[in-house]
Amino acid sequence: MTKTDIRTQTIAELQKSFATMGQPAYRAKQVFDWMWKLGAKGFDDMSNVPAALRQELSDRFTFESIILDVRQNSADGTVKSRYKLHDGYKIETVMIPVPEDRRSTACVSSQVGCSLTCSFCATGQMGRLRNLTAGEIYDQAFDTNKLSQEMLGYPLTNIVYMGMGEPLLNYGPVMESIHKITSPEGMAWSPRRITLSTAGIAKMIRRLGDEKVKFNLALSLHAADDNKRNQIMPINETNSLRSLMEALDYFYKQTGGRISFEYIALKGFNDSIEDADKLVRLCRGQFPVKVNIIEYNPVPGVPFERADESQVDRFARHVRNKDVMITVRRSRGKDIDAACGQLANQK
């Protein structure tokens, strides 16, 4: 008999299962709290559940949690955690602390690898091996929150879906993980502290609008014209900038959520003043937007180079002078391959 992962069960389904086992409803609530609020990694962690019941649960269900495989600490304070999944696959999660502001961000993965093959990204070179479950995504946020409290003395302040994978190609589990993170049943977080990043899938952005989500949305833009974007992001061939801007406008009108553009500065490719002007025109649509300029992080076998720091500052200044909100983000965790575009389960 094929066992079901117990963490795919709602509380109502769990109570029904417990009733068939002759167990009272409050036992189901105890187990449910262990699965989400208390961070159990398996049935044996549920210390207030009778041993006989834990054994029966083990006979009936699986408990597919993530297990820490290795952790690396960067000289700048960034921490990368590689987790082993129940089937042997591995994923990476990054914690980015800013102690002077008492801030800490978890960058979580949504897939093992990625199918989008963006030419500047190490994760895309892996291909997509499988989607993560809602529980596997939730565990990354829960464990990193615990890590922040242990290392820094305060909890996470932000969660970004910017790790391995394209979140909108794993829509159901990603949305369920956000529900659990924001629910009183789980971490009870404000959705406004969560940002989902996408390479740009117009119909799914519209779906987010239809569902009136409360979290923030970031578009991995990286080029402000279709010709250049096609060269580095094949997804643009079926999701043009025009279709994406229309979808983002729809998202904003439906949700009022914050929208940002992520823009990796690639030397001699998208870092000219002409590119800056194209970006400004793209930002003058119907919805307010903030731009984050990101340093490129070298990936073996990829021909791109990081744009000169002086050129990045010139680019940003030009955009800012056109009344577009823009921030230059210096990379964190480069020495442990934890920076943007570098997550690929390297040894």
# chains A, B, ... in the order shown; residues from 1 in each chain; ligands from 1

$ select_by_dssp --residues "region 67-240 of chain A" --states "helix (DSSP H, G or I)" --output "compact mmCIF listing (two decimals) with N, CA and C atoms, in the first residue's frame"
# COMPACT_ATOMS: atom_id res chain seq x y z
N PRO A 99 22.62 42.71 10.39
CA PRO A 99 22.53 42.90 11.85
C PRO A 99 22.36 44.35 12.28
N GLU A 100 22.97 45.28 11.53
CA GLU A 100 22.89 46.68 11.94
C GLU A 100 21.46 47.21 11.88
N ASP A 101 20.62 46.59 11.05
CA ASP A 101 19.21 46.98 10.96
C ASP A 101 18.29 45.95 11.62
N THR A 123 21.60 27.61 -11.70
CA THR A 123 20.51 26.68 -11.41
C THR A 123 19.90 26.14 -12.70
N GLY A 124 19.77 27.00 -13.72
CA GLY A 124 19.18 26.57 -14.98
C GLY A 124 19.99 25.50 -15.68
N GLN A 125 21.29 25.42 -15.39
CA GLN A 125 22.13 24.40 -16.00
C GLN A 125 21.83 23.00 -15.45
N MET A 126 21.15 22.95 -14.31
CA MET A 126 20.79 21.66 -13.71
C MET A 126 19.61 21.01 -14.41
N ALA A 134 4.73 21.64 -0.76
CA ALA A 134 4.50 22.80 0.12
C ALA A 134 5.27 22.63 1.43
N GLY A 135 5.32 21.42 1.96
CA GLY A 135 6.03 21.17 3.21
C GLY A 135 7.52 21.40 3.07
N GLU A 136 8.11 21.00 1.95
CA GLU A 136 9.55 21.19 1.74
C GLU A 136 9.90 22.67 1.60
N ILE A 137 9.01 23.44 1.01
CA ILE A 137 9.24 24.89 0.92
C ILE A 137 9.07 25.54 2.28
N TYR A 138 8.00 25.16 2.97
CA TYR A 138 7.73 25.70 4.31
C TYR A 138 8.88 25.42 5.26
N ASP A 139 9.42 24.20 5.21
CA ASP A 139 10.51 23.83 6.10
C ASP A 139 11.71 24.76 5.96
N GLN A 140 12.00 25.18 4.73
CA GLN A 140 13.13 26.10 4.53
C GLN A 140 12.92 27.40 5.30
N ALA A 141 11.71 27.95 5.20
CA ALA A 141 11.41 29.19 5.91
C ALA A 141 11.46 28.96 7.43
N PHE A 142 10.86 27.87 7.89
CA PHE A 142 10.81 27.58 9.33
C PHE A 142 12.21 27.39 9.89
N ASP A 143 13.02 26.57 9.20
CA ASP A 143 14.37 26.28 9.70
C ASP A 143 15.26 27.52 9.67
N THR A 144 15.11 28.36 8.63
CA THR A 144 15.94 29.56 8.53
C THR A 144 15.52 30.59 9.58
N ASN A 145 14.24 30.62 9.90
CA ASN A 145 13.78 31.50 10.99
C ASN A 145 14.41 31.07 12.32
N LYS A 146 14.47 29.78 12.54
CA LYS A 146 15.11 29.26 13.76
C LYS A 146 16.60 29.57 13.76
N LEU A 147 17.24 29.43 12.59
CA LEU A 147 18.66 29.73 12.47
C LEU A 147 18.93 31.21 12.77
N SER A 148 18.07 32.09 12.26
CA SER A 148 18.23 33.52 12.51
C SER A 148 18.14 33.82 14.00
N GLN A 149 17.19 33.20 14.68
CA GLN A 149 17.05 33.42 16.12
C GLN A 149 18.27 32.92 16.88
N GLU A 150 18.81 31.78 16.45
CA GLU A 150 19.96 31.20 17.15
C GLU A 150 21.24 31.99 16.89
N MET A 151 21.46 32.40 15.64
CA MET A 151 22.71 33.06 15.28
C MET A 151 22.71 34.56 15.55
N LEU A 152 21.54 35.19 15.31
CA LEU A 152 21.47 36.64 15.36
C LEU A 152 20.73 37.18 16.57
N PRO A 167 9.04 29.77 -9.25
CA PRO A 167 7.88 29.53 -8.38
C PRO A 167 6.55 29.36 -9.12
N LEU A 168 6.34 30.10 -10.19
CA LEU A 168 5.05 30.04 -10.89
C LEU A 168 4.89 28.79 -11.74
N LEU A 169 5.95 28.00 -11.88
CA LEU A 169 5.84 26.69 -12.53
C LEU A 169 5.66 25.57 -11.50
N TYR A 171 3.03 26.16 -9.04
CA TYR A 171 2.08 27.11 -8.49
C TYR A 171 1.36 26.60 -7.24
N GLY A 172 0.76 25.43 -7.31
CA GLY A 172 -0.04 24.94 -6.19
C GLY A 172 0.75 24.80 -4.90
N PRO A 173 1.85 24.05 -4.90
CA PRO A 173 2.65 23.92 -3.67
C PRO A 173 3.22 25.24 -3.17
N VAL A 174 3.63 26.13 -4.08
CA VAL A 174 4.14 27.44 -3.66
C VAL A 174 3.05 28.23 -2.93
N MET A 175 1.85 28.25 -3.52
CA MET A 175 0.77 28.99 -2.88
C MET A 175 0.38 28.36 -1.54
N GLU A 176 0.39 27.05 -1.47
CA GLU A 176 0.07 26.38 -0.21
C GLU A 176 1.14 26.67 0.84
N SER A 177 2.40 26.73 0.43
CA SER A 177 3.46 27.04 1.40
C SER A 177 3.30 28.45 1.95
N ILE A 178 2.93 29.39 1.09
CA ILE A 178 2.70 30.77 1.54
C ILE A 178 1.51 30.82 2.48
N HIS A 179 0.47 30.04 2.16
CA HIS A 179 -0.70 29.97 3.06
C HIS A 179 -0.28 29.48 4.44
N LYS A 180 0.56 28.45 4.47
CA LYS A 180 0.99 27.90 5.76
C LYS A 180 1.88 28.90 6.51
N ILE A 181 2.77 29.59 5.79
CA ILE A 181 3.66 30.56 6.43
C ILE A 181 2.85 31.70 7.04
N THR A 182 1.79 32.10 6.37
CA THR A 182 1.00 33.25 6.84
C THR A 182 -0.16 32.86 7.76
N PRO A 191 1.78 38.52 4.97
CA PRO A 191 2.17 38.27 3.58
C PRO A 191 2.96 39.42 2.98
N ARG A 192 2.86 40.62 3.54
CA ARG A 192 3.60 41.76 3.02
C ARG A 192 5.10 41.64 3.27
N ARG A 193 5.49 40.65 4.05
CA ARG A 193 6.92 40.41 4.29
C ARG A 193 7.46 39.30 3.39
N ALA A 202 3.19 35.36 -17.95
CA ALA A 202 2.10 36.33 -17.91
C ALA A 202 0.79 35.75 -17.38
N LYS A 203 0.40 34.58 -17.87
CA LYS A 203 -0.91 34.04 -17.46
C LYS A 203 -0.94 33.70 -15.98
N MET A 204 0.22 33.32 -15.41
CA MET A 204 0.27 32.99 -13.99
C MET A 204 0.30 34.25 -13.14
N ILE A 205 0.90 35.32 -13.66
CA ILE A 205 0.85 36.62 -12.95
C ILE A 205 -0.59 37.10 -12.87
N ARG A 206 -1.33 36.92 -13.98
CA ARG A 206 -2.75 37.28 -13.97
C ARG A 206 -3.52 36.42 -12.97
N ARG A 207 -3.15 35.16 -12.87
CA ARG A 207 -3.82 34.28 -11.91
C ARG A 207 -3.60 34.76 -10.48
N LEU A 208 -2.38 35.22 -10.19
CA LEU A 208 -2.11 35.81 -8.87
C LEU A 208 -3.04 36.99 -8.62
N GLY A 209 -3.26 37.79 -9.66
CA GLY A 209 -4.18 38.92 -9.54
C GLY A 209 -5.60 38.46 -9.27
N ASP A 210 -6.03 37.44 -10.01
CA ASP A 210 -7.38 36.91 -9.82
C ASP A 210 -7.59 36.39 -8.40
N ASP A 226 12.90 43.34 -25.85
CA ASP A 226 12.66 41.92 -26.16
C ASP A 226 13.86 41.26 -26.82
N ASN A 227 14.56 41.97 -27.67
CA ASN A 227 15.68 41.36 -28.39
C ASN A 227 16.75 40.87 -27.42
N LYS A 228 17.15 41.72 -26.50
CA LYS A 228 18.17 41.32 -25.53
C LYS A 228 17.63 40.29 -24.54
N ARG A 229 16.40 40.47 -24.12
CA ARG A 229 15.85 39.54 -23.14
C ARG A 229 15.70 38.14 -23.75
N ASN A 230 15.34 38.06 -25.03
CA ASN A 230 15.26 36.76 -25.71
C ASN A 230 16.61 36.04 -25.67
N GLN A 231 17.69 36.80 -25.78
CA GLN A 231 19.02 36.20 -25.83
C GLN A 231 19.42 35.53 -24.53
N ILE A 232 18.98 36.08 -23.42
CA ILE A 232 19.43 35.56 -22.12
C ILE A 232 18.34 34.81 -21.36
N PRO A 234 15.09 32.57 -22.46
CA PRO A 234 14.22 31.98 -23.48
C PRO A 234 12.73 32.10 -23.17
N ILE A 235 12.37 32.22 -21.89
CA ILE A 235 10.95 32.35 -21.52
C ILE A 235 10.34 33.60 -22.15
N ASN A 236 11.16 34.59 -22.50
CA ASN A 236 10.64 35.83 -23.08
C ASN A 236 10.07 35.62 -24.47
N GLU A 237 10.48 34.56 -25.15
CA GLU A 237 10.00 34.31 -26.50
C GLU A 237 8.50 34.02 -26.52

$ residues_around --residues "Arg82 (chain A)" --least-positions-apart "6" --cutoff "6 Å" --atoms "only C-alpha atoms" --output "list in words"
Asp69, Val70, Ile91 and Glu92 of chain A

$ closest_atom_pairs --of "region 210-246 of chain A" --to "region 252-261 of chain A" --cutoff "7 Å" --atoms "only C-alpha atoms" --output "tab-separated table"
residue	atom	partner	partner_atom	distance
A:Asp210	CA	A:Gln254	CA	6.8
A:Lys212	CA	A:Thr255	CA	5.1
A:Val213	CA	A:Thr255	CA	6.4
A:Lys214	CA	A:Gly257	CA	6.4
A:Phe215	CA	A:Gly257	CA	6.6
A:Asn216	CA	A:Arg258	CA	5.0
A:Leu217	CA	A:Ile259	CA	5.0
A:Ala218	CA	A:Ser260	CA	4.7
A:Leu219	CA	A:Phe261	CA	4.9
A:Ser220	CA	A:Phe261	CA	6.0
A:Leu221	CA	A:Phe261	CA	5.8

$ closest_residue --among "A:Asn292, A:Ser65, A:Thr195, A:Ser272" --to "Trp36 (chain A)" --atoms "only C-alpha atoms"
A:Ser65

$ closest_residue --among "A:Tyr154, A:His222, A:Lys41, A:Thr62" --to "Gln9 (chain A)" --atoms "only C-alpha atoms"
A:Thr62

$ closest_residue --among "A:Phe61, A:Ile194, A:Asp277, A:Ile264" --to "Asp225 (chain A)" --atoms "only C-alpha atoms"
A:Asp277

$ atom_distance --atom1 "CA of Gln286 (chain A)" --atom2 "CA of Asn270 (chain A)"
23.9 Å

$ closest_residue --among "A:Val289, A:Ile67, A:Ala224, A:Ala28" --to "Leu248 (chain A)" --atoms "only C-alpha atoms"
A:Val289

$ atom_distance --atom1 "CA of Gln111 (chain A)" --atom2 "CA of Lys90 (chain A)"
9.9 Å

$ atom_distance --atom1 "CA of Ala19 (chain A)" --atom2 "CA of Arg54 (chain A)"
15.1 Å

$ closest_residue --among "A:Thr78, A:Gln311, A:Asn131, A:Ser17" --to "Ala106 (chain A)" --atoms "only C-alpha atoms"
A:Thr78

$ residues_around --residues "Thr93 (chain A)" --least-positions-apart "6" --cutoff "6 Å" --atoms "only C-alpha atoms" --output "number ranges by chain"
A: 80-81, 107-108

$ write_last_selection --atoms "N, CA and C atoms" --output "PDB file, in the first residue's frame"
ATOM      1  N   LYS A  80      24.567  29.674   3.799  1.00  0.00           N
ATOM      2  CA  LYS A  80      23.894  28.811   2.830  1.00  0.00           C
ATOM      3  C   LYS A  80      23.696  27.428   3.437  1.00  0.00           C
ATOM      4  N   SER A  81      22.471  26.942   3.382  1.00  0.00           N
ATOM      5  CA  SER A  81      22.143  25.617   3.905  1.00  0.00           C
ATOM      6  C   SER A  81      21.731  24.715   2.743  1.00  0.00           C
ATOM      7  N   CYS A 107      16.086  33.244   1.623  1.00  0.00           N
ATOM      8  CA  CYS A 107      15.866  33.036   0.191  1.00  0.00           C
ATOM      9  C   CYS A 107      15.601  31.544  -0.008  1.00  0.00           C
ATOM     10  N   VAL A 108      14.357  31.182  -0.331  1.00  0.00           N
ATOM     11  CA  VAL A 108      13.954  29.779  -0.382  1.00  0.00           C
ATOM     12  C   VAL A 108      13.805  29.297  -1.820  1.00  0.00           C
TER      13      VAL A 108
END

$ select_by_dssp --residues "region 103-176 of chain A" --states "strand (DSSP E)" --output "count of residues only"
18

$ closest_residue --among "A:Gly200, A:Gly301, A:Gly42, A:Gly22" --to "Glu166 (chain A)" --atoms "only C-alpha atoms"
A:Gly200

$ residues_around --residues "Tyr26 (chain A)" --least-positions-apart "6" --cutoff "10 Å" --atoms "only C-alpha atoms" --output "PyMOL selection string"
chain A and resi 15+18+32

$ decode --residues "region 78-199 of chain A" --atoms "C-alpha atoms" --output "compact mmCIF listing (two decimals), in the first residue's frame"
# COMPACT_ATOMS: atom_id res chain seq x y z
CA THR A 78 25.53 35.10 4.70
CA VAL A 79 24.69 31.45 5.45
CA LYS A 80 23.89 28.81 2.83
CA SER A 81 22.14 25.62 3.90
CA ARG A 82 21.94 22.57 1.65
CA TYR A 83 19.11 20.22 2.52
CA LYS A 84 18.65 16.58 1.60
CA LEU A 85 15.13 15.55 0.58
CA HIS A 86 13.44 12.22 1.27
CA ASP A 87 14.26 10.93 -2.23
CA GLY A 88 17.92 11.94 -2.14
CA TYR A 89 17.64 15.19 -4.10
CA LYS A 90 19.21 18.31 -2.61
CA ILE A 91 18.21 21.97 -2.51
CA GLU A 92 19.79 25.15 -1.19
CA THR A 93 18.47 27.94 1.02
CA VAL A 94 20.24 31.18 1.89
CA MET A 95 19.98 33.42 4.95
CA ILE A 96 21.08 37.02 4.38
CA PRO A 97 21.47 38.95 7.66
CA VAL A 98 21.73 42.71 8.10
CA PRO A 99 22.53 42.90 11.85
CA GLU A 100 22.89 46.68 11.94
CA ASP A 101 19.21 46.98 10.96
CA ARG A 102 18.11 43.82 12.82
CA ARG A 103 16.97 42.41 9.51
CA SER A 104 17.33 38.91 8.14
CA THR A 105 16.03 37.45 4.87
CA ALA A 106 15.49 33.82 3.89
CA CYS A 107 15.87 33.04 0.19
CA VAL A 108 13.95 29.78 -0.38
CA SER A 109 13.84 27.36 -3.30
CA SER A 110 10.68 26.12 -4.99
CA GLN A 111 12.08 23.41 -7.31
CA VAL A 112 15.02 21.04 -7.51
CA GLY A 113 16.85 22.77 -10.35
CA CYS A 114 15.00 24.86 -12.95
CA SER A 115 13.68 24.34 -16.47
CA LEU A 116 14.04 27.91 -17.74
CA THR A 117 17.74 27.82 -18.80
CA CYS A 118 18.42 31.53 -18.31
CA SER A 119 21.92 31.86 -19.74
CA PHE A 120 23.44 33.67 -16.74
CA CYS A 121 22.14 31.31 -14.03
CA ALA A 122 23.80 28.20 -12.58
CA THR A 123 20.51 26.68 -11.41
CA GLY A 124 19.18 26.57 -14.98
CA GLN A 125 22.13 24.40 -16.00
CA MET A 126 20.79 21.66 -13.71
CA GLY A 127 17.46 21.34 -15.52
CA ARG A 128 14.30 20.76 -13.51
CA LEU A 129 14.52 17.54 -11.53
CA ARG A 130 11.23 17.91 -9.68
CA ASN A 131 8.92 20.37 -7.93
CA LEU A 132 9.10 20.81 -4.17
CA THR A 133 6.10 20.08 -1.98
CA ALA A 134 4.50 22.80 0.12
CA GLY A 135 6.03 21.17 3.21
CA GLU A 136 9.55 21.19 1.74
CA ILE A 137 9.24 24.89 0.92
CA TYR A 138 7.73 25.70 4.31
CA ASP A 139 10.51 23.83 6.10
CA GLN A 140 13.13 26.10 4.53
CA ALA A 141 11.41 29.19 5.91
CA PHE A 142 10.81 27.58 9.33
CA ASP A 143 14.37 26.28 9.70
CA THR A 144 15.94 29.56 8.53
CA ASN A 145 13.78 31.50 10.99
CA LYS A 146 15.11 29.26 13.76
CA LEU A 147 18.66 29.73 12.47
CA SER A 148 18.23 33.52 12.51
CA GLN A 149 17.05 33.42 16.12
CA GLU A 150 19.96 31.20 17.15
CA MET A 151 22.71 33.06 15.28
CA LEU A 152 21.47 36.64 15.36
CA GLY A 153 19.14 36.77 18.34
CA TYR A 154 16.11 37.86 16.30
CA PRO A 155 13.74 36.17 13.81
CA LEU A 156 13.55 36.57 10.05
CA THR A 157 12.10 39.82 8.78
CA ASN A 158 11.60 38.76 5.14
CA ILE A 159 11.14 35.67 3.00
CA VAL A 160 11.87 35.76 -0.73
CA TYR A 161 11.06 33.03 -3.23
CA MET A 162 14.26 33.68 -5.18
CA GLY A 163 16.18 30.43 -4.70
CA MET A 164 16.31 27.44 -7.01
CA GLY A 165 13.44 27.12 -9.49
CA GLU A 166 10.63 29.17 -11.02
CA PRO A 167 7.88 29.53 -8.38
CA LEU A 168 5.05 30.04 -10.89
CA LEU A 169 5.84 26.69 -12.53
CA ASN A 170 5.15 25.03 -9.18
CA TYR A 171 2.08 27.11 -8.49
CA GLY A 172 -0.04 24.94 -6.19
CA PRO A 173 2.65 23.92 -3.67
CA VAL A 174 4.14 27.44 -3.66
CA MET A 175 0.77 28.99 -2.88
CA GLU A 176 0.07 26.38 -0.21
CA SER A 177 3.46 27.04 1.40
CA ILE A 178 2.70 30.77 1.54
CA HIS A 179 -0.70 29.97 3.06
CA LYS A 180 0.99 27.90 5.76
CA ILE A 181 3.66 30.56 6.43
CA THR A 182 1.00 33.25 6.84
CA SER A 183 -1.59 31.12 8.65
CA PRO A 184 -2.03 31.00 12.44
CA GLU A 185 -1.67 27.23 11.91
CA GLY A 186 1.93 27.83 10.83
CA MET A 187 4.31 30.79 11.21
CA ALA A 188 1.54 33.45 11.32
CA TRP A 189 3.51 35.82 9.10
CA SER A 190 2.27 38.95 7.35
CA PRO A 191 2.17 38.27 3.58
CA ARG A 192 3.60 41.76 3.02
CA ARG A 193 6.92 40.41 4.29
CA ILE A 194 7.01 37.81 1.51
CA THR A 195 8.17 38.41 -2.07
CA LEU A 196 7.72 35.96 -4.91
CA SER A 197 10.16 36.36 -7.81
CA THR A 198 9.34 35.16 -11.32
CA ALA A 199 11.19 35.10 -14.62
